[in-house]
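J.: Dropping in structure-v5.cif, with mmCIF, C-alpha atoms.
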```cif
data_start
loop_
_atom_site.label_atom_id
_atom_site.label_comp_id
_atom_site.auth_asym_id
_atom_site.auth_seq_id
_atom_site.Cartn_x
_atom_site.Cartn_y
_atom_site.Cartn_z
CA MET A 26 -0.74 -5.71 -18.74
CA LEU A 27 -4.39 -5.45 -19.65
CA SER A 28 -5.88 -8.04 -21.94
CA PRO A 29 -7.83 -6.78 -24.99
CA ASP A 30 -11.10 -7.45 -23.15
CA GLU A 31 -9.88 -5.66 -20.01
CA LEU A 32 -8.73 -2.67 -22.04
CA LEU A 33 -12.07 -2.50 -23.85
CA ALA A 34 -13.91 -2.65 -20.51
CA TRP A 35 -11.68 0.16 -19.20
CA TYR A 36 -12.43 2.29 -22.26
CA GLN A 37 -16.16 1.71 -21.88
CA ARG A 38 -16.28 2.26 -18.13
CA LEU A 39 -14.51 5.62 -18.40
CA GLU A 40 -16.23 6.58 -21.67
CA VAL A 41 -12.86 7.24 -23.27
CA THR A 42 -13.17 9.20 -26.51
CA GLU A 43 -12.33 7.61 -29.86
CA ALA A 44 -9.43 10.03 -30.27
CA ALA A 45 -7.98 9.04 -26.89
CA ARG A 46 -8.48 5.34 -27.66
CA ALA A 47 -6.59 5.73 -30.92
CA GLU A 48 -3.75 7.59 -29.18
CA ILE A 49 -3.43 5.01 -26.40
CA ASP A 50 -3.67 2.10 -28.86
CA ARG A 51 -0.96 3.67 -31.02
CA ILE A 52 1.42 3.98 -28.07
CA ARG A 53 0.65 0.51 -26.73
CA SER A 54 1.38 -1.14 -30.07
CA ALA A 55 4.38 0.93 -31.17
CA GLY A 56 6.86 0.31 -28.36
CA PRO A 57 9.44 2.88 -27.19
CA SER A 58 10.12 5.63 -29.70
CA ARG A 59 13.78 5.89 -28.77
CA ARG A 60 16.55 4.37 -26.72
CA VAL A 61 17.58 6.34 -23.68
CA GLY A 62 21.15 7.27 -22.85
CA GLY A 63 22.87 8.40 -19.69
CA GLY A 64 24.91 11.52 -19.13
CA SER A 65 27.68 12.77 -16.93
CA ASP A 66 25.36 12.95 -13.91
CA ASN A 67 22.88 10.18 -14.74
CA VAL A 68 23.06 6.43 -15.14
CA SER A 69 20.50 5.00 -17.56
CA GLY A 70 19.30 1.43 -17.60
CA ARG A 71 16.44 -1.04 -17.86
CA TYR A 72 14.09 -2.24 -15.16
CA PRO A 73 12.64 -5.79 -15.49
CA SER A 74 8.93 -5.06 -15.02
CA ARG A 75 6.83 -7.96 -13.82
CA LYS A 76 3.71 -5.85 -14.28
CA MET A 77 4.43 -5.17 -17.93
CA GLY A 78 6.32 -8.34 -18.81
CA VAL A 79 9.11 -6.34 -20.50
CA THR A 80 12.08 -4.24 -19.48
CA ILE A 81 11.32 -0.54 -18.96
CA GLN A 82 13.92 2.07 -19.88
CA PHE A 83 14.95 4.77 -17.44
CA GLU A 84 17.24 7.67 -18.21
CA SER A 85 18.18 8.54 -14.63
CA HIS A 86 18.75 6.07 -11.80
CA ARG A 87 18.12 8.87 -9.29
CA VAL A 88 14.82 10.13 -10.71
CA GLU A 89 13.12 8.04 -13.40
CA LEU A 90 14.02 4.70 -11.82
CA ALA A 91 12.34 5.76 -8.57
CA PHE A 92 9.12 6.56 -10.42
CA VAL A 93 9.35 3.28 -12.35
CA ARG A 94 9.48 1.38 -9.06
CA GLU A 95 6.56 3.43 -7.76
CA MET A 96 4.44 2.61 -10.81
CA GLU A 97 5.46 -1.02 -10.67
CA HIS A 98 4.11 -1.35 -7.12
CA ASP A 99 1.16 1.05 -7.32
CA PRO A 100 -2.08 -0.97 -7.69
CA ASP A 101 -3.73 2.04 -9.33
CA VAL A 102 -1.25 1.83 -12.23
CA LEU A 103 -2.56 -0.74 -14.69
CA GLU A 104 0.07 -0.21 -17.40
CA TYR A 105 2.97 2.11 -18.16
CA TYR A 106 5.01 2.58 -21.33
CA ASP A 107 8.41 4.24 -21.56
CA GLN A 108 9.40 6.75 -24.25
CA PRO A 109 6.03 6.97 -26.04
CA GLN A 110 5.81 8.63 -29.44
CA PRO A 111 6.68 12.34 -29.42
CA PHE A 112 4.15 15.11 -29.85
CA PRO A 113 4.50 18.88 -30.43
CA LEU A 114 4.61 21.45 -27.65
CA ASP A 115 3.59 24.99 -28.57
CA TYR A 116 4.58 27.79 -26.21
CA THR A 117 6.14 31.23 -26.04
CA SER A 118 9.78 31.74 -25.13
CA ALA A 119 10.83 34.07 -22.33
CA LYS A 120 11.49 36.70 -25.03
CA GLY A 121 8.02 36.32 -26.53
CA ARG A 122 8.94 34.17 -29.56
CA HIS A 123 6.59 31.35 -30.55
CA LEU A 124 8.22 27.92 -30.26
CA ARG A 125 7.06 24.54 -31.50
CA VAL A 126 9.22 21.61 -30.37
CA ALA A 127 8.90 17.84 -30.59
CA HIS A 128 8.64 16.37 -27.11
CA THR A 129 9.03 12.74 -26.01
CA PRO A 130 7.56 12.26 -22.51
CA ASP A 131 9.10 9.70 -20.20
CA PHE A 132 5.95 7.59 -19.80
CA LEU A 133 2.38 6.99 -20.88
CA VAL A 134 0.55 5.69 -17.79
CA VAL A 135 -2.82 3.93 -17.70
CA ARG A 136 -4.40 4.24 -14.25
CA GLY A 137 -7.61 2.94 -12.74
CA ALA A 138 -9.66 6.04 -13.55
CA THR A 139 -7.54 7.99 -16.05
CA ALA A 140 -4.49 7.91 -18.31
CA GLY A 141 -1.86 10.37 -19.44
CA TRP A 142 1.73 11.32 -20.00
CA GLU A 143 4.25 11.75 -17.19
CA GLU A 144 7.57 13.57 -17.35
CA CYS A 145 10.10 12.98 -14.55
CA LYS A 146 12.75 15.54 -13.69
CA ALA A 147 15.05 16.50 -10.85
CA GLU A 148 13.79 19.40 -8.75
CA ASP A 149 16.89 21.50 -9.39
CA GLU A 150 16.57 20.93 -13.14
CA LEU A 151 12.96 22.11 -13.04
CA GLU A 152 14.08 25.23 -11.20
CA ARG A 153 16.57 25.99 -13.98
CA LEU A 154 14.11 25.22 -16.76
CA SER A 155 11.41 27.41 -15.23
CA GLN A 156 13.82 30.35 -15.33
CA LYS A 157 14.84 29.64 -18.91
CA SER A 158 11.38 28.68 -20.24
CA PRO A 159 8.73 30.02 -17.84
CA HIS A 160 5.89 29.26 -20.28
CA ARG A 161 6.93 25.61 -20.55
CA TYR A 162 7.52 24.83 -16.87
CA TYR A 163 6.24 26.61 -13.78
CA ARG A 164 5.43 25.78 -10.15
CA ASP A 165 2.08 26.87 -8.74
CA ASP A 166 1.39 28.29 -5.28
CA ALA A 167 0.81 24.79 -3.90
CA GLY A 168 4.30 23.73 -5.03
CA THR A 169 3.08 21.55 -7.93
CA TRP A 170 5.01 21.68 -11.20
CA HIS A 171 3.18 22.16 -14.49
CA CYS A 172 3.91 22.05 -18.19
CA PRO A 173 1.09 24.12 -19.77
CA PRO A 174 1.75 23.09 -23.40
CA GLY A 175 1.85 19.41 -22.38
CA GLU A 176 -1.37 19.82 -20.42
CA GLU A 177 -3.01 21.56 -23.38
CA TYR A 178 -2.06 18.70 -25.72
CA ALA A 179 -3.39 16.09 -23.28
CA ARG A 180 -6.72 17.92 -22.87
CA ARG A 181 -7.47 17.36 -26.55
CA PHE A 182 -7.88 13.67 -25.72
CA GLY A 183 -9.44 14.03 -22.28
CA LEU A 184 -6.16 12.75 -20.78
CA TYR A 185 -3.65 14.31 -18.38
CA TYR A 186 -0.06 15.49 -18.49
CA ARG A 187 1.87 15.47 -15.23
CA VAL A 188 5.32 16.71 -14.30
CA ARG A 189 6.89 14.46 -11.67
CA SER A 190 9.60 16.11 -9.57
CA SER A 191 12.31 14.32 -7.60
CA GLY A 192 11.01 16.32 -4.65
CA GLU A 193 8.01 13.96 -4.57
CA ILE A 194 10.08 10.82 -4.07
CA ASN A 195 9.68 9.00 -0.75
CA TRP A 196 13.09 7.43 -0.29
CA VAL A 197 11.96 5.22 2.60
CA LEU A 198 9.36 3.73 0.28
CA GLN A 199 11.99 3.30 -2.44
CA ARG A 200 14.30 1.53 -0.01
CA ASN A 201 11.49 -0.87 0.91
CA PHE A 202 10.63 -1.49 -2.74
CA GLN A 203 14.22 -2.55 -3.33
CA PHE A 204 14.18 -4.68 -0.20
CA PHE A 205 11.03 -6.47 -1.36
CA GLU A 206 12.15 -7.37 -4.87
CA ASP A 207 12.43 -11.03 -3.86
CA TYR A 208 9.08 -11.12 -2.07
CA LEU A 209 6.72 -9.74 -4.70
CA PRO A 210 3.45 -11.66 -5.05
CA THR A 211 4.08 -12.24 -8.74
CA ALA A 212 7.53 -13.65 -8.04
CA CYS A 213 6.83 -16.09 -5.23
CA ALA A 214 4.10 -18.31 -3.86
CA LYS A 215 2.03 -17.05 -0.98
CA ALA A 216 2.88 -18.27 2.50
CA ASP A 217 0.97 -21.40 3.47
CA ARG A 218 -2.32 -21.27 5.36
CA ARG A 219 -0.86 -22.33 8.73
CA THR A 220 1.80 -19.61 8.56
CA ARG A 221 -0.78 -17.00 7.63
CA GLU A 222 -3.15 -17.99 10.43
CA LEU A 223 -0.37 -18.04 13.02
CA ALA A 224 0.87 -14.59 12.06
CA LEU A 225 -2.63 -13.11 12.03
CA ALA A 226 -3.37 -14.68 15.42
CA LEU A 227 -0.50 -12.67 16.87
CA VAL A 228 -1.02 -9.44 14.96
CA SER A 229 -4.83 -9.09 15.14
CA PRO A 230 -5.09 -8.64 18.94
CA GLU A 231 -1.99 -6.43 19.01
CA PRO A 232 -2.34 -3.95 16.13
CA GLY A 233 0.91 -2.09 15.61
CA ILE A 234 3.13 -4.86 16.98
CA SER A 235 6.73 -4.21 15.99
CA LEU A 236 8.19 -6.35 13.22
CA SER A 237 11.09 -7.29 15.49
CA ASP A 238 8.67 -8.51 18.17
CA LEU A 239 6.73 -10.51 15.57
CA PHE A 240 9.98 -12.11 14.42
CA ARG A 241 10.90 -12.99 18.02
CA ARG A 242 7.53 -14.49 18.90
CA THR A 243 7.31 -16.63 15.76
CA ALA A 244 10.98 -17.61 15.52
CA ASP A 245 10.44 -21.29 16.26
CA ARG A 246 7.51 -21.69 13.84
CA VAL A 247 7.72 -19.14 11.05
CA THR A 248 10.71 -17.90 9.07
CA ARG A 249 11.45 -14.25 8.47
CA ASP A 250 11.03 -14.89 4.75
CA ASP A 251 7.48 -16.07 5.46
CA ILE A 252 6.70 -12.86 7.35
CA TYR A 253 8.16 -10.72 4.57
CA THR A 254 6.11 -12.67 2.03
CA LEU A 255 2.92 -12.02 4.02
CA ILE A 256 3.71 -8.30 4.00
CA ALA A 257 4.60 -8.31 0.30
CA THR A 258 1.34 -10.06 -0.63
CA GLY A 259 -0.74 -7.75 1.57
CA GLU A 260 -1.81 -10.46 3.99
CA LEU A 261 -0.14 -8.39 6.72
CA TYR A 262 -0.15 -4.61 6.44
CA VAL A 263 2.84 -2.31 6.90
CA ASP A 264 2.99 1.35 5.83
CA LEU A 265 6.01 0.92 3.57
CA GLY A 266 6.50 4.66 3.28
CA ASN A 267 6.87 5.17 7.01
CA ALA A 268 9.86 3.11 8.16
CA PRO A 269 12.61 1.00 6.54
CA LEU A 270 11.92 -2.73 6.83
CA ALA A 271 15.57 -3.28 7.65
CA GLU A 272 14.95 -1.42 10.94
CA SER A 273 12.44 -3.94 12.25
CA ALA A 274 12.17 -2.44 15.75
CA ILE A 275 10.39 0.66 14.41
CA VAL A 276 8.24 -1.07 11.77
CA ARG A 277 4.63 -1.53 12.92
CA VAL A 278 2.59 -4.47 11.62
CA PHE A 279 -1.20 -4.67 11.32
CA ALA A 280 -3.68 -7.29 10.16
CA ASN A 281 -4.86 -4.92 7.39
CA ARG A 282 -4.92 -1.29 6.30
CA GLU A 283 -8.22 -0.66 8.11
CA ALA A 284 -6.68 -1.68 11.44
CA ALA A 285 -3.77 0.70 10.84
CA GLU A 286 -6.13 3.58 10.10
CA VAL A 287 -8.04 2.96 13.35
CA ASP A 288 -4.89 2.76 15.46
#
```
Render the structure in this file as structure tokens.
T.:
Amino acid sequence: MLSPDELLAWYQRLEVTEAARAEIDRIRSAGPSRRVGGGSDNVSGRYPSRKMGVTIQFESHRVELAFVREMEHDPDVLEYYDQPQPFPLDYTSAKGRHLRVAHTPDFLVVRGATAGWEECKAEDELERLSQKSPHRYYRDDAGTWHCPPGEEYARRFGLYYRVRSSGEINWVLQRNFQFFEDYLPTACAKADRRTRELALALVSPEPGISLSDLFRRTADRVTRDDIYTLIATGELYVDLGNAPLAESAIVRVFANREAAEVD
């Protein structure tokens, strides 16, 4: 979480309006507005967030939990709050009747250069909702989902409103996030200097070396846990969205992101 000084610096750097500051401060201090519950098709729960220092509620283990893990590991996400205070959505029904409903988004997210509300839904649910309430949810020509009344509310504060669809989820990345739970930099010490130097000495001249080959060539000096820790802390680079870490023969390892981009 951001300290008071860090939050103030963020406000000043982005020239956040007083209205937006008040709205963000209100959500940050209030805590979740409601407790979530599961349904016949969903399993709700709580995710122990190291980034936030609290447990984060999720209403669906197949949709919201995936986005929670993504925000937890995304360096651009500075903070995220579940079930922020509701606000009104004004829109017209499919039959032309004006509607005003109280809406509780799934998350308020503070990012490096912006902040806003995010609503996470299954793709098939969005399809159904767009037929029932076309002025509340629609998909544009690029395939991006929108909620016009949510976006209109957010614009009052210079913030954003984003609909997150299950169709966006990278399940390889999710599988690696789960794999890495025990190797997160906030949960374990970094590998020692000798281990780091040995691994880099092998990877630097052979960008894209397979993880299985790296394991084999360091087996007598470095443990697999050490290699995973180096990847988790960013001291070795792997595109976690490209291949499952459990399939080490197809995972390519680089000294850093720049080396991977050149390859």
J.: Starting from the shown file, work through the PyMOL selection byres ((chain A and resi 260) around 12) and note down what comes out as a PyMOL selection string.
T.: chain A and resi 210+215-218+220-225+228-229+251-259+261-263+278-282
J.: From the list A:Leu133, A:Ile49, A:Ala226, A:Leu239, which residue is nearest Ile81 (chain A) when using all atoms listed in the file?
T.: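 Result for the nearest residue to Ile81 (chain A): A:Leu133.
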J.: Report as number ranges by chain the full result of the PyMOL selection byres ((chain A and resi 119-124) around 8) when it is applied to this structure.
T.: A: 114-118, 125-126, 157-160
J.: With C-alpha atoms retained, could you export that selection as a PDB file, in the frame of the given file?
T.:
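And here's result28.pdb as it stands now:
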```pdb
ATOM      1  CA  LEU A 114       4.610  21.450 -27.650  1.00  0.00           C
ATOM      2  CA  ASP A 115       3.590  24.990 -28.570  1.00  0.00           C
ATOM      3  CA  TYR A 116       4.580  27.790 -26.210  1.00  0.00           C
ATOM      4  CA  THR A 117       6.140  31.230 -26.040  1.00  0.00           C
ATOM      5  CA  SER A 118       9.780  31.740 -25.130  1.00  0.00           C
ATOM      6  CA  ARG A 125       7.060  24.540 -31.500  1.00  0.00           C
ATOM      7  CA  VAL A 126       9.220  21.610 -30.370  1.00  0.00           C
ATOM      8  CA  LYS A 157      14.840  29.640 -18.910  1.00  0.00           C
ATOM      9  CA  SER A 158      11.380  28.680 -20.240  1.00  0.00           C
ATOM     10  CA  PRO A 159       8.730  30.020 -17.840  1.00  0.00           C
ATOM     11  CA  HIS A 160       5.890  29.260 -20.280  1.00  0.00           C
TER      12      HIS A 160
END
```
J.: Using only C-alpha atoms, determine which residues lie at most 7 Å from region 75-78 of chain A, disregarding the query and same-chain residues fewer than 6 positions distant; provide the list as a ChimeraX atom specification.
T.: /A:26,97,104
J.: Mind writing the picked residues with C-alpha atoms as a PDB file, in the coordinates of the input?
T.:
```
ATOM      1  CA  MET A  26      -0.740  -5.710 -18.740  1.00  0.00           C
ATOM      2  CA  GLU A  97       5.460  -1.020 -10.670  1.00  0.00           C
ATOM      3  CA  GLU A 104       0.070  -0.210 -17.400  1.00  0.00           C
TER       4      GLU A 104
END
```
J.: In Å, how far is it from CA of Ser191 (chain A) to CA of Arg277 (chain A)?
T.: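 Value for the CA of Ser191 (chain A)-CA of Arg277 (chain A) distance: 27.0 Å.
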J.: Which residues would end up in the selection if the PyMOL selection byres ((chain A and resi 82-89) around 10) were applied here, given that I need the answer as number ranges by chain?
T.: A: 57, 59-64, 66-74, 79-81, 90-95, 106-108, 131-132, 144-148, 189-194
J.: Please indicate the distance in Å from CA of Glu143 (chain A) to CA of His128 (chain A), rounded to one decimal place.
T.: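 About the pair CA of Glu143 (chain A) and CA of His128 (chain A): they are 11.8 Å apart.
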J.: For Gln37 (chain A), which of A:Arg200, A:Pro269, A:Leu151, A:Ala138 is the closest residue, counting all atoms listed in the file?
T.: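 Counting all atoms listed in the file, the residue closest to Gln37 (chain A) is A:Ala138.
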J.: Mind pulling up the distance from CA of Leu270 (chain A) to CA of Val197 (chain A)?
T.: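 Atom-to-atom, CA of Val197 (chain A) to CA of Leu270 (chain A), that is 9.0 Å.
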J.: Could you check the closest approach to Gln199 (chain A) for each of A:Thr139, A:Thr42, A:Asn267, A:Thr248 and tell me which residue wins, using all atoms listed in the file?
T.: A:Asn267
J.: What's the 9 Å shell around Tyr178 (chain A), counting all atoms listed in the file, without same-chain residues fewer than 4 positions away, as number ranges by chain?
T.: A: 112-115, 173-174, 182, 184-186
J.: Let me see the file: selected residues, C-alpha atoms, as a compact mmCIF listing (two decimals), in the coordinates of the input.
T.:
```txt
# COMPACT_ATOMS: atom_id res chain seq x y z
CA PHE A 112 4.15 15.11 -29.85
CA PRO A 113 4.50 18.88 -30.43
CA LEU A 114 4.61 21.45 -27.65
CA ASP A 115 3.59 24.99 -28.57
CA PRO A 173 1.09 24.12 -19.77
CA PRO A 174 1.75 23.09 -23.40
CA PHE A 182 -7.88 13.67 -25.72
CA LEU A 184 -6.16 12.75 -20.78
CA TYR A 185 -3.65 14.31 -18.38
CA TYR A 186 -0.06 15.49 -18.49
```
J.: Give the answer as one residue: which of A:His171, A:Leu39, A:Arg181, A:Leu27 has the shortest atom-to-atom distance to Val102 (chain A), using all atoms listed in the file?
T.: A:Leu27
